[in-house]
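Peer 1: You'll find final_36.csv just under this line, and it carries CSV, C-alpha atoms.
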```csv
chain,number,residue,atom,x,y,z
A,1,MET,CA,33.5,46.9,15.9
A,2,VAL,CA,33.7,46.7,12.2
A,3,ARG,CA,31.7,49.4,10.4
A,4,ILE,CA,29.7,48.5,7.3
A,5,ALA,CA,29.6,51.0,4.5
A,6,PHE,CA,26.2,52.3,3.5
A,7,GLY,CA,26.3,50.7,0.1
A,8,ASP,CA,27.1,47.3,1.7
A,9,ARG,CA,24.2,47.7,4.1
A,10,VAL,CA,21.8,48.3,1.2
A,11,MET,CA,23.2,45.3,-0.6
A,12,LEU,CA,22.8,43.1,2.5
A,13,ILE,CA,19.2,44.3,3.0
A,14,CYS,CA,18.3,43.5,-0.6
A,15,PHE,CA,20.0,40.2,-0.4
A,16,TYR,CA,18.3,39.1,2.8
A,17,THR,CA,15.0,40.4,1.6
A,18,PHE,CA,15.3,38.4,-1.6
A,19,LEU,CA,16.2,35.2,0.4
A,20,ILE,CA,13.2,35.7,2.7
A,21,VAL,CA,10.8,36.2,-0.2
A,22,LEU,CA,12.3,33.2,-2.0
A,23,SER,CA,12.0,31.0,1.2
A,24,ILE,CA,8.4,32.0,1.7
A,25,SER,CA,7.4,31.4,-1.9
A,26,ALA,CA,9.0,27.9,-1.7
A,27,PHE,CA,7.5,27.0,1.7
A,28,TYR,CA,4.0,28.4,1.3
A,29,PRO,CA,2.7,25.8,-1.2
A,30,PHE,CA,3.8,23.0,1.2
A,31,TRP,CA,2.2,24.8,4.1
A,32,ASN,CA,-1.0,25.4,2.2
A,33,ALA,CA,-1.2,21.7,1.3
A,34,LEU,CA,-0.8,20.8,4.9
A,35,VAL,CA,-3.6,23.3,5.9
A,36,VAL,CA,-6.0,22.0,3.2
A,37,SER,CA,-5.3,18.4,4.4
A,38,PHE,CA,-6.6,19.3,7.8
A,39,ASN,CA,-9.6,21.3,6.6
A,40,LEU,CA,-13.1,20.1,5.8
A,41,GLY,CA,-13.2,19.2,2.1
A,42,VAL,CA,-16.5,21.0,1.2
A,43,ASP,CA,-15.4,24.0,3.1
A,44,THR,CA,-12.1,24.1,1.1
A,45,SER,CA,-14.0,24.0,-2.1
A,46,LYS,CA,-15.5,27.4,-1.2
A,47,GLY,CA,-12.0,29.0,-1.3
A,48,GLY,CA,-10.2,31.3,1.1
A,49,VAL,CA,-8.3,28.6,3.0
A,50,THR,CA,-4.8,29.9,3.1
A,51,PHE,CA,-2.7,30.0,6.3
A,52,TRP,CA,-4.9,28.1,8.8
A,53,PRO,CA,-7.6,25.4,8.7
A,54,ARG,CA,-11.0,27.1,8.7
A,55,VAL,CA,-13.0,24.0,9.7
A,56,PHE,CA,-10.5,21.6,11.3
A,57,THR,CA,-11.0,17.9,10.7
A,58,LEU,CA,-9.0,14.6,10.7
A,59,GLU,CA,-11.4,12.8,8.3
A,60,ASN,CA,-9.1,13.2,5.4
A,61,TYR,CA,-6.3,11.4,7.1
A,62,GLU,CA,-8.7,8.8,8.6
A,63,ILE,CA,-9.7,7.7,5.1
A,64,VAL,CA,-6.2,7.8,3.8
A,65,LEU,CA,-4.7,5.8,6.7
A,66,LYS,CA,-7.5,3.2,6.6
A,67,ASP,CA,-7.1,2.5,2.8
A,68,ASN,CA,-5.0,-0.7,2.7
A,69,ARG,CA,-3.8,0.2,-0.9
A,70,LEU,CA,-2.2,3.4,0.3
A,71,ILE,CA,-0.6,1.8,3.3
A,72,ASN,CA,0.8,-1.0,1.1
A,73,GLY,CA,2.0,1.6,-1.3
A,74,PHE,CA,3.7,3.5,1.5
A,75,PHE,CA,5.6,0.3,2.5
A,76,ILE,CA,6.5,-0.4,-1.1
A,77,ALA,CA,8.0,3.1,-1.4
A,78,VAL,CA,9.9,2.7,1.9
A,79,SER,CA,11.3,-0.7,0.8
A,80,ARG,CA,12.2,0.6,-2.6
A,81,THR,CA,14.0,3.7,-1.2
A,82,ILE,CA,16.0,1.7,1.4
A,83,VAL,CA,17.0,-1.2,-0.9
A,84,GLY,CA,17.5,1.0,-3.9
A,85,THR,CA,19.6,3.6,-2.1
A,86,ILE,CA,21.9,1.1,-0.4
A,87,THR,CA,22.5,-1.0,-3.5
A,88,ALA,CA,22.9,2.0,-5.8
A,89,ILE,CA,25.4,3.8,-3.6
A,90,LEU,CA,27.4,0.6,-3.1
A,91,MET,CA,27.5,-0.4,-6.8
A,92,THR,CA,28.3,3.1,-7.9
A,93,ALA,CA,31.1,3.5,-5.3
A,94,ILE,CA,32.7,0.2,-6.3
A,95,LEU,CA,32.6,1.3,-10.0
A,96,ALA,CA,34.1,4.7,-9.1
A,97,TYR,CA,36.9,3.0,-7.1
A,98,GLY,CA,37.8,0.8,-10.0
A,99,MET,CA,37.9,3.8,-12.3
A,100,THR,CA,40.5,5.5,-10.1
A,101,LYS,CA,43.0,2.8,-10.9
A,102,ARG,CA,45.4,4.1,-13.5
A,103,GLU,CA,46.5,0.5,-14.3
A,104,LEU,CA,43.0,-0.4,-15.5
A,105,ILE,CA,43.2,-1.3,-19.1
A,106,GLY,CA,40.8,0.7,-21.3
A,107,ARG,CA,40.0,3.1,-18.5
A,108,LYS,CA,39.5,6.1,-20.8
A,109,ALA,CA,37.4,4.1,-23.2
A,110,TYR,CA,35.2,3.0,-20.3
A,111,MET,CA,34.8,6.6,-19.2
A,112,VAL,CA,33.8,7.7,-22.7
A,113,TYR,CA,31.2,4.9,-22.7
A,114,PHE,CA,29.8,5.9,-19.3
A,115,ILE,CA,29.5,9.6,-20.2
A,116,PHE,CA,27.8,8.7,-23.5
A,117,THR,CA,25.0,7.0,-21.6
A,118,MET,CA,24.4,10.2,-19.6
A,119,TYR,CA,23.2,11.9,-22.8
A,120,PHE,CA,21.8,9.1,-24.9
A,121,ASN,CA,19.5,6.1,-24.2
A,122,GLY,CA,17.6,3.6,-26.2
A,123,GLY,CA,14.2,5.2,-25.6
A,124,LEU,CA,11.1,4.0,-23.8
A,125,ILE,CA,10.0,1.3,-26.2
A,126,PRO,CA,13.4,-0.5,-26.4
A,127,THR,CA,13.8,-0.2,-22.7
A,128,PHE,CA,10.3,-1.6,-22.2
A,129,LEU,CA,11.1,-4.6,-24.4
A,130,LEU,CA,14.5,-5.1,-22.6
A,131,PHE,CA,12.9,-5.1,-19.2
A,132,ARG,CA,10.2,-7.5,-20.3
A,133,SER,CA,12.8,-9.9,-21.7
A,134,MET,CA,14.7,-9.7,-18.4
A,135,GLY,CA,11.5,-10.7,-16.5
A,136,LEU,CA,11.4,-7.3,-14.6
A,137,MET,CA,7.7,-6.6,-15.5
A,138,ASN,CA,5.5,-6.6,-12.4
A,139,SER,CA,8.6,-7.2,-10.3
A,140,PHE,CA,9.9,-5.2,-7.3
A,141,TRP,CA,13.4,-5.4,-8.9
A,142,VAL,CA,12.4,-3.2,-11.8
A,143,PHE,CA,12.8,-0.4,-9.2
A,144,ILE,CA,16.3,-1.5,-8.1
A,145,ILE,CA,18.3,-3.0,-11.0
A,146,PRO,CA,18.0,-0.3,-13.6
A,147,ALA,CA,19.0,2.3,-11.0
A,148,LEU,CA,22.1,0.5,-9.7
A,149,ILE,CA,24.6,2.8,-11.5
A,150,SER,CA,24.5,6.6,-11.8
A,151,VAL,CA,27.3,8.0,-13.9
A,152,TRP,CA,27.0,11.4,-12.4
A,153,ASN,CA,27.4,10.0,-8.9
A,154,MET,CA,30.2,7.8,-10.1
A,155,ILE,CA,32.1,10.8,-11.3
A,156,ILE,CA,31.6,12.5,-7.9
A,157,PHE,CA,32.8,9.4,-6.1
A,158,ARG,CA,35.8,9.1,-8.3
A,159,THR,CA,36.8,12.7,-7.7
A,160,PHE,CA,36.5,12.2,-4.0
A,161,PHE,CA,38.5,8.9,-4.0
A,162,ARG,CA,41.3,10.5,-6.0
A,163,GLY,CA,41.5,13.3,-3.3
A,164,LEU,CA,42.3,10.7,-0.6
A,165,PRO,CA,46.1,10.3,0.3
A,166,ALA,CA,47.7,7.7,-1.9
A,167,GLY,CA,49.7,6.6,1.1
A,168,LEU,CA,46.7,5.0,2.7
A,169,GLU,CA,46.4,2.4,0.0
A,170,GLU,CA,50.1,1.9,-0.3
A,171,SER,CA,50.5,1.2,3.4
A,172,ALA,CA,47.5,-1.1,3.4
A,173,GLN,CA,48.9,-3.0,0.4
A,174,MET,CA,52.2,-3.4,2.2
A,175,ASP,CA,50.3,-5.0,5.1
A,176,GLY,CA,48.8,-7.5,2.6
A,177,CYS,CA,45.4,-5.9,2.2
A,178,THR,CA,43.5,-6.7,-1.0
A,179,ASN,CA,41.7,-4.1,-3.1
A,180,TRP,CA,38.4,-5.2,-1.6
A,181,GLY,CA,39.8,-4.9,1.8
A,182,ILE,CA,41.1,-1.4,1.1
A,183,PHE,CA,37.8,-0.4,-0.3
A,184,PHE,CA,35.6,-1.6,2.5
A,185,ARG,CA,38.0,-1.0,5.4
A,186,ILE,CA,39.6,2.3,4.4
A,187,ILE,CA,37.9,4.0,1.4
A,188,LEU,CA,34.2,3.7,2.5
A,189,PRO,CA,34.7,4.7,6.2
A,190,LEU,CA,36.5,7.9,5.0
A,191,SER,CA,33.7,8.7,2.5
A,192,GLY,CA,31.0,9.6,5.0
A,193,PRO,CA,30.1,13.1,3.6
A,194,VAL,CA,29.9,12.1,-0.1
A,195,ILE,CA,28.0,8.9,0.8
A,196,ALA,CA,25.5,10.8,2.9
A,197,THR,CA,25.0,13.5,0.3
A,198,LEU,CA,24.6,11.2,-2.7
A,199,GLY,CA,22.7,8.8,-0.6
A,200,LEU,CA,20.1,11.4,0.1
A,201,PHE,CA,19.8,12.5,-3.5
A,202,THR,CA,19.4,8.9,-4.5
A,203,ALA,CA,16.8,8.2,-1.8
A,204,VAL,CA,14.8,11.3,-2.8
A,205,SER,CA,14.9,10.1,-6.5
A,206,HIS,CA,13.6,6.7,-5.5
A,207,TRP,CA,11.0,8.1,-3.1
A,208,ASN,CA,9.5,10.6,-5.6
A,209,ASP,CA,9.5,8.4,-8.7
A,210,TRP,CA,6.1,7.4,-10.0
A,211,PHE,CA,6.9,6.9,-13.7
A,212,VAL,CA,8.6,3.5,-13.5
A,213,ALA,CA,5.7,1.9,-11.7
A,214,SER,CA,3.1,3.4,-14.1
A,215,ILE,CA,4.9,1.8,-17.0
A,216,TYR,CA,6.2,-1.5,-15.8
A,217,ILE,CA,3.9,-2.4,-12.9
A,218,ASN,CA,0.3,-3.7,-13.4
A,219,ASN,CA,0.0,-5.4,-10.0
A,220,GLU,CA,-1.7,-3.0,-7.6
A,221,LYS,CA,0.2,-4.5,-4.6
A,222,LEU,CA,3.5,-3.3,-6.1
A,223,LEU,CA,2.5,0.3,-6.7
A,224,PRO,CA,4.4,2.9,-4.6
A,225,ILE,CA,2.4,5.6,-2.9
A,226,GLN,CA,3.6,8.2,-5.4
A,227,THR,CA,2.0,6.4,-8.3
A,228,MET,CA,-1.2,6.0,-6.3
A,229,LEU,CA,-1.1,9.7,-5.6
A,230,ARG,CA,-1.0,10.4,-9.3
A,231,GLN,CA,-4.0,8.1,-9.8
A,232,ILE,CA,-5.8,10.2,-7.2
A,233,LEU,CA,-4.9,13.4,-9.1
A,234,ASN,CA,-6.1,11.9,-12.4
A,235,ALA,CA,-9.4,10.3,-11.3
A,236,ASN,CA,-12.1,10.9,-8.7
A,237,ILE,CA,-11.7,7.9,-6.4
A,238,VAL,CA,-13.3,9.5,-3.3
A,239,THR,CA,-16.2,7.0,-3.3
A,240,ASP,CA,-13.8,4.1,-3.7
A,241,MET,CA,-11.6,5.2,-0.8
A,242,SER,CA,-14.6,6.0,1.3
A,243,ASN,CA,-15.8,2.4,1.1
A,244,ASN,CA,-12.9,1.4,3.3
A,245,ILE,CA,-14.5,3.3,6.2
A,246,ASP,CA,-17.3,1.8,8.3
A,247,THR,CA,-20.5,3.6,7.1
A,248,ALA,CA,-23.0,1.8,9.3
A,249,SER,CA,-24.4,5.0,10.9
A,250,GLN,CA,-26.2,7.7,9.0
A,251,ALA,CA,-24.2,10.4,10.7
A,252,ARG,CA,-21.0,8.7,9.4
A,253,MET,CA,-22.3,8.5,5.9
A,254,ASP,CA,-23.2,12.2,6.1
A,255,SER,CA,-19.8,13.1,7.2
A,256,LEU,CA,-18.2,11.3,4.3
A,257,ARG,CA,-20.1,13.5,1.9
A,258,THR,CA,-17.9,16.4,3.1
A,259,ILE,CA,-14.8,14.7,1.6
A,260,THR,CA,-13.5,16.0,-1.7
A,261,THR,CA,-10.8,14.8,-4.1
A,262,LYS,CA,-8.6,17.8,-3.3
A,263,SER,CA,-8.7,17.2,0.5
A,264,LEU,CA,-7.8,13.5,0.0
A,265,THR,CA,-5.1,14.5,-2.4
A,266,MET,CA,-3.5,16.9,0.0
A,267,ALA,CA,-3.7,14.3,2.9
A,268,THR,CA,-2.1,11.7,0.7
A,269,MET,CA,0.5,14.1,-0.4
A,270,MET,CA,1.5,14.8,3.2
A,271,VAL,CA,1.7,11.1,4.0
A,272,ALA,CA,3.9,10.7,0.9
A,273,THR,CA,6.1,13.8,1.6
A,274,LEU,CA,6.8,14.0,5.3
A,275,PRO,CA,8.9,10.9,5.7
A,276,ILE,CA,11.6,12.0,3.2
A,277,VAL,CA,11.5,15.6,4.4
A,278,MET,CA,12.2,14.4,8.0
A,279,VAL,CA,15.5,12.9,6.7
A,280,TYR,CA,17.0,16.2,5.6
A,281,PRO,CA,17.9,17.6,9.1
A,282,PHE,CA,20.0,14.5,9.8
A,283,ILE,CA,22.0,14.8,6.5
A,284,GLN,CA,22.2,18.6,6.2
A,285,LYS,CA,25.6,18.9,7.9
A,286,TYR,CA,27.2,16.8,5.2
A,287,PHE,CA,25.8,18.9,2.3
A,288,VAL,CA,28.5,21.6,2.0
A,289,LYS,CA,31.4,19.2,2.0
A,290,GLY,CA,29.7,16.5,0.0
A,291,VAL,CA,28.2,18.7,-2.7
A,292,LEU,CA,31.4,20.7,-3.3
A,293,ILE,CA,33.4,17.5,-4.0
A,294,GLY,CA,32.0,17.3,-7.5
A,295,SER,CA,33.3,20.8,-8.2
A,296,LEU,CA,36.9,20.0,-7.5
A,297,LYS,CA,39.1,19.8,-10.6
A,298,GLU,CA,41.5,17.0,-11.2
```
Please re-express this file's structure in structure tokens.
Peer 2:
Amino acid sequence: MVRIAFGDRVMLICFYTFLIVLSISAFYPFWNALVVSFNLGVDTSKGGVTFWPRVFTLENYEIVLKDNRLINGFFIAVSRTIVGTITAILMTAILAYGMTKRELIGRKAYMVYFIFTMYFNGGLIPTFLLFRSMGLMNSFWVFIIPALISVWNMIIFRTFFRGLPAGLEESAQMDGCTNWGIFFRIILPLSGPVIATLGLFTAVSHWNDWFVASIYINNEKLLPIQTMLRQILNANIVTDMSNNIDTASQARMDSLRTITTKSLTMATMMVATLPIVMVYPFIQKYFVKGVLIGSLKE
């Protein structure tokens, strides 16, 4: 049995204490939002709702899930995340594979150009005018096309591809395989960890983004749920959302008066957050290998 010195024990205790406090401080806001979403709105406004619902109710979720705008926004967010992640990872990986070819003419100049775009852009107004001239206004593709290439992800992909044995490509070329065949049949199947890691980061970026829709989308049917959540935070739309519920009975109308903007906001936040959170456990095992790839030096 290995004995641990007293100083090391103190350090471990301090380290684990710090991690526990940090974990609780990070998890508690999410837990409190979940608790408030299940608590009666007017009761929440009195304060004191912390770790457990004081007056349990499902009315907040009932209003949220019966609002067709939020349901449509949820499916827009899901569609954007799936299509945007697949296309962005594929296009970025193809670019990165091309940048690994030393025989590519102007490869260093291309790399300087790509890195320049990481730090400088045209600004909001020129970008708005560009998207409008491209016909991307009020279009689903405004979520997809501008996000096809990530220079940072391309650098990580390139670093990973360069770490693969060169003999794999050489043997495939001797068998008559083209560059496209090598990429899709050899490179991509071996890139599981980096694809999973960067794919999750890209999916989270698409899922959480509300700014693009708020600038380039005026059609309510194309707004993702995150943008609609921001609208809830910026305006009191409780009455508008409540109109989607059958209020024929006086008792039902009385119960709707217990709904507050905060309770609806928390319920909407849970609906918008839980799907992407549920993806993490399935990708977590790839994190260590996938994230460390970008730290390898050439």
Peer 1: Would you kindly return, as an mmCIF file with C-alpha atoms, in the frame of the given file, each protein, DNA or RNA residue with an atom no farther than 12 Å from any atom of Asp43 (chain A), considering only C-alpha atoms and excluding same-chain residues fewer than 3 positions away?
Peer 2:
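Written file, selection.cif:
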```cif
data_model
loop_
_atom_site.group_PDB
_atom_site.id
_atom_site.type_symbol
_atom_site.label_atom_id
_atom_site.label_comp_id
_atom_site.auth_asym_id
_atom_site.auth_seq_id
_atom_site.Cartn_x
_atom_site.Cartn_y
_atom_site.Cartn_z
ATOM 1 C CA VAL A 36 -6.000 22.000 3.200
ATOM 2 C CA SER A 37 -5.300 18.400 4.400
ATOM 3 C CA PHE A 38 -6.600 19.300 7.800
ATOM 4 C CA ASN A 39 -9.600 21.300 6.600
ATOM 5 C CA LEU A 40 -13.100 20.100 5.800
ATOM 6 C CA LYS A 46 -15.500 27.400 -1.200
ATOM 7 C CA GLY A 47 -12.000 29.000 -1.300
ATOM 8 C CA GLY A 48 -10.200 31.300 1.100
ATOM 9 C CA VAL A 49 -8.300 28.600 3.000
ATOM 10 C CA PRO A 53 -7.600 25.400 8.700
ATOM 11 C CA ARG A 54 -11.000 27.100 8.700
ATOM 12 C CA VAL A 55 -13.000 24.000 9.700
ATOM 13 C CA PHE A 56 -10.500 21.600 11.300
ATOM 14 C CA THR A 57 -11.000 17.900 10.700
ATOM 15 C CA ARG A 257 -20.100 13.500 1.900
ATOM 16 C CA THR A 258 -17.900 16.400 3.100
ATOM 17 C CA ILE A 259 -14.800 14.700 1.600
ATOM 18 C CA THR A 260 -13.500 16.000 -1.700
ATOM 19 C CA LYS A 262 -8.600 17.800 -3.300
ATOM 20 C CA SER A 263 -8.700 17.200 0.500
#
```
Peer 1: For each of A:Phe74, A:Phe201, A:Trp141, A:Tyr113, take the minimum atom-to-atom distance to Met228 (chain A), counting only C-alpha atoms, then give the residue where this is smallest.
Peer 2: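 For Met228 (chain A), the nearest of the candidates is A:Phe74.
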Peer 1: Just to confirm, what's the straight-line distance from CA of Ser214 (chain A) to CA of Ile82 (chain A) in Å (one decimal)?
Peer 2: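 Computed distance, CA of Ser214 (chain A) to CA of Ile82 (chain A), equals 20.2 Å.
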Peer 1: If I take CA of Trp31 (chain A) and CA of Pro275 (chain A), how far is one from the other in Å, to one decimal?
Peer 2: 15.5 Å
Peer 1: Which of these residues is nearest to Ala33 (chain A), using only C-alpha atoms: A:Met269, A:Ile276, A:Leu90, A:Leu168?
Peer 2: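 Of all the options, A:Met269 lies closest to Ala33 (chain A).
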Peer 1: Please report the interatomic distance between CA of Tyr61 (chain A) and CA of Val271 (chain A) in Å with one decimal.
Peer 2: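 Rounded to one decimal, the two atoms are 8.6 Å apart.
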Peer 1: Would you mind telling me which residue in A:Tyr28, A:Phe143, A:Phe18, A:Phe183 lies nearest to Thr87 (chain A) when using all atoms listed in the file?
Peer 2: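 Looking only at the distances to Thr87 (chain A), the closest residue turns out to be A:Phe143.
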Peer 1: Centre and edge lengths, as lines of an AutoDock Vina configuration file, for the axis-aligned box enclosing every listed atom of region 266-272 of chain A with 3 Å of padding on each of the six sides, in Å to one decimal?
Peer 2:
```
center_x = 0.1
center_y = 13.8
center_z = 1.8
size_x = 13.6
size_y = 12.2
size_z = 10.4
```
Peer 1: Considering only C-alpha atoms, state which residue in the set A:Ile89, A:Val42, A:Ile145, A:Ile20 is at the smallest distance from Val212 (chain A).
Peer 2: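 Of A:Ile89, A:Val42, A:Ile145, A:Ile20, the one nearest Val212 (chain A) is A:Ile145, counting only C-alpha atoms.
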Peer 1: Might you pull out every residue within 12 Å of Gly167 (chain A), with only C-alpha atoms counted and same-chain residues fewer than 6 positions away left off, and present them as a list in words?
Peer 2: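 The contact residues come out as Gln173, Met174, Ile182 and Ile186 of chain A.
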Peer 1: Given all atoms listed in the file as the basis, pick out the residue of A:Phe140, A:Phe128, A:Phe184, A:Phe114 nearest to Ala77 (chain A).
Peer 2: A:Phe140
Peer 1: Restricting the calculation to only C-alpha atoms: of A:Asn60, A:Tyr216, A:Met11, A:Ser139, which residue gets closest to Ile76 (chain A)?
Peer 2: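 Among the listed residues, A:Ser139 lies closest to Ile76 (chain A).
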Peer 1: Quick one: residues within 9 Å of Gly98 (chain A), only C-alpha atoms counted, chain neighbours fewer than 5 positions away excluded, as a ChimeraX atom specification?
Peer 2: /A:93,104,158
Peer 1: Any chance you could export region 26-35 of chain A with all heavy atoms, as a compact mmCIF listing (two decimals), in the first residue's frame?
Peer 2:
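Written file, part_5.txt:
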```txt
# COMPACT_ATOMS: atom_id res chain seq x y z
N ALA A 26 -21.49 25.55 -10.67
CA ALA A 26 -21.83 25.48 -12.09
C ALA A 26 -23.18 24.78 -12.30
O ALA A 26 -23.94 25.13 -13.21
CB ALA A 26 -20.74 24.75 -12.87
N PHE A 27 -23.50 23.79 -11.46
CA PHE A 27 -24.70 23.00 -11.65
C PHE A 27 -25.94 23.65 -11.02
O PHE A 27 -27.05 23.49 -11.53
CB PHE A 27 -24.50 21.60 -11.04
CG PHE A 27 -25.72 20.73 -11.13
CD1 PHE A 27 -26.12 20.19 -12.33
CD2 PHE A 27 -26.49 20.46 -9.99
CE1 PHE A 27 -27.24 19.38 -12.42
CE2 PHE A 27 -27.60 19.66 -10.06
CZ PHE A 27 -27.98 19.12 -11.29
N TYR A 28 -25.73 24.40 -9.92
CA TYR A 28 -26.89 24.92 -9.20
C TYR A 28 -27.79 25.84 -10.03
O TYR A 28 -29.01 25.73 -9.97
CB TYR A 28 -26.47 25.65 -7.93
CG TYR A 28 -27.63 26.32 -7.23
CD1 TYR A 28 -28.59 25.56 -6.56
CD2 TYR A 28 -27.81 27.70 -7.29
CE1 TYR A 28 -29.68 26.15 -5.94
CE2 TYR A 28 -28.90 28.30 -6.67
CZ TYR A 28 -29.82 27.51 -6.01
OH TYR A 28 -30.90 28.11 -5.41
N PRO A 29 -27.25 26.78 -10.84
CA PRO A 29 -28.15 27.63 -11.65
C PRO A 29 -29.06 26.82 -12.57
O PRO A 29 -30.24 27.15 -12.74
CB PRO A 29 -27.18 28.50 -12.45
CG PRO A 29 -25.96 28.57 -11.60
CD PRO A 29 -25.84 27.21 -10.98
N PHE A 30 -28.51 25.75 -13.15
CA PHE A 30 -29.32 24.89 -14.02
C PHE A 30 -30.39 24.17 -13.20
O PHE A 30 -31.56 24.08 -13.61
CB PHE A 30 -28.42 23.87 -14.72
CG PHE A 30 -29.16 22.93 -15.63
CD1 PHE A 30 -29.48 23.31 -16.91
CD2 PHE A 30 -29.52 21.66 -15.19
CE1 PHE A 30 -30.17 22.45 -17.76
CE2 PHE A 30 -30.20 20.80 -16.01
CZ PHE A 30 -30.53 21.19 -17.31
N TRP A 31 -30.02 23.66 -12.03
CA TRP A 31 -30.98 22.97 -11.18
C TRP A 31 -32.07 23.92 -10.69
O TRP A 31 -33.25 23.57 -10.67
CB TRP A 31 -30.26 22.34 -9.99
CG TRP A 31 -31.20 21.70 -9.00
CD1 TRP A 31 -31.57 22.18 -7.78
CD2 TRP A 31 -31.90 20.47 -9.16
NE1 TRP A 31 -32.45 21.33 -7.17
CE2 TRP A 31 -32.68 20.27 -7.99
CE3 TRP A 31 -31.96 19.52 -10.17
CZ2 TRP A 31 -33.50 19.15 -7.82
CZ3 TRP A 31 -32.77 18.40 -10.00
CH2 TRP A 31 -33.52 18.23 -8.85
N ASN A 32 -31.69 25.14 -10.32
CA ASN A 32 -32.68 26.12 -9.86
C ASN A 32 -33.65 26.49 -10.97
O ASN A 32 -34.85 26.67 -10.72
CB ASN A 32 -31.97 27.36 -9.35
CG ASN A 32 -32.93 28.39 -8.78
OD1 ASN A 32 -33.18 29.43 -9.39
ND2 ASN A 32 -33.51 28.10 -7.62
N ALA A 33 -33.14 26.61 -12.20
CA ALA A 33 -34.03 26.89 -13.33
C ALA A 33 -35.02 25.75 -13.53
O ALA A 33 -36.20 25.98 -13.83
CB ALA A 33 -33.20 27.11 -14.60
N LEU A 34 -34.55 24.50 -13.36
CA LEU A 34 -35.45 23.36 -13.47
C LEU A 34 -36.50 23.37 -12.37
O LEU A 34 -37.69 23.11 -12.62
CB LEU A 34 -34.63 22.06 -13.40
CG LEU A 34 -35.41 20.74 -13.51
CD1 LEU A 34 -36.07 20.63 -14.89
CD2 LEU A 34 -34.49 19.55 -13.26
N VAL A 35 -36.09 23.71 -11.16
CA VAL A 35 -37.03 23.78 -10.03
C VAL A 35 -38.08 24.86 -10.27
O VAL A 35 -39.28 24.63 -10.08
CB VAL A 35 -36.25 24.05 -8.72
CG1 VAL A 35 -37.22 24.41 -7.60
CG2 VAL A 35 -35.43 22.84 -8.34
```
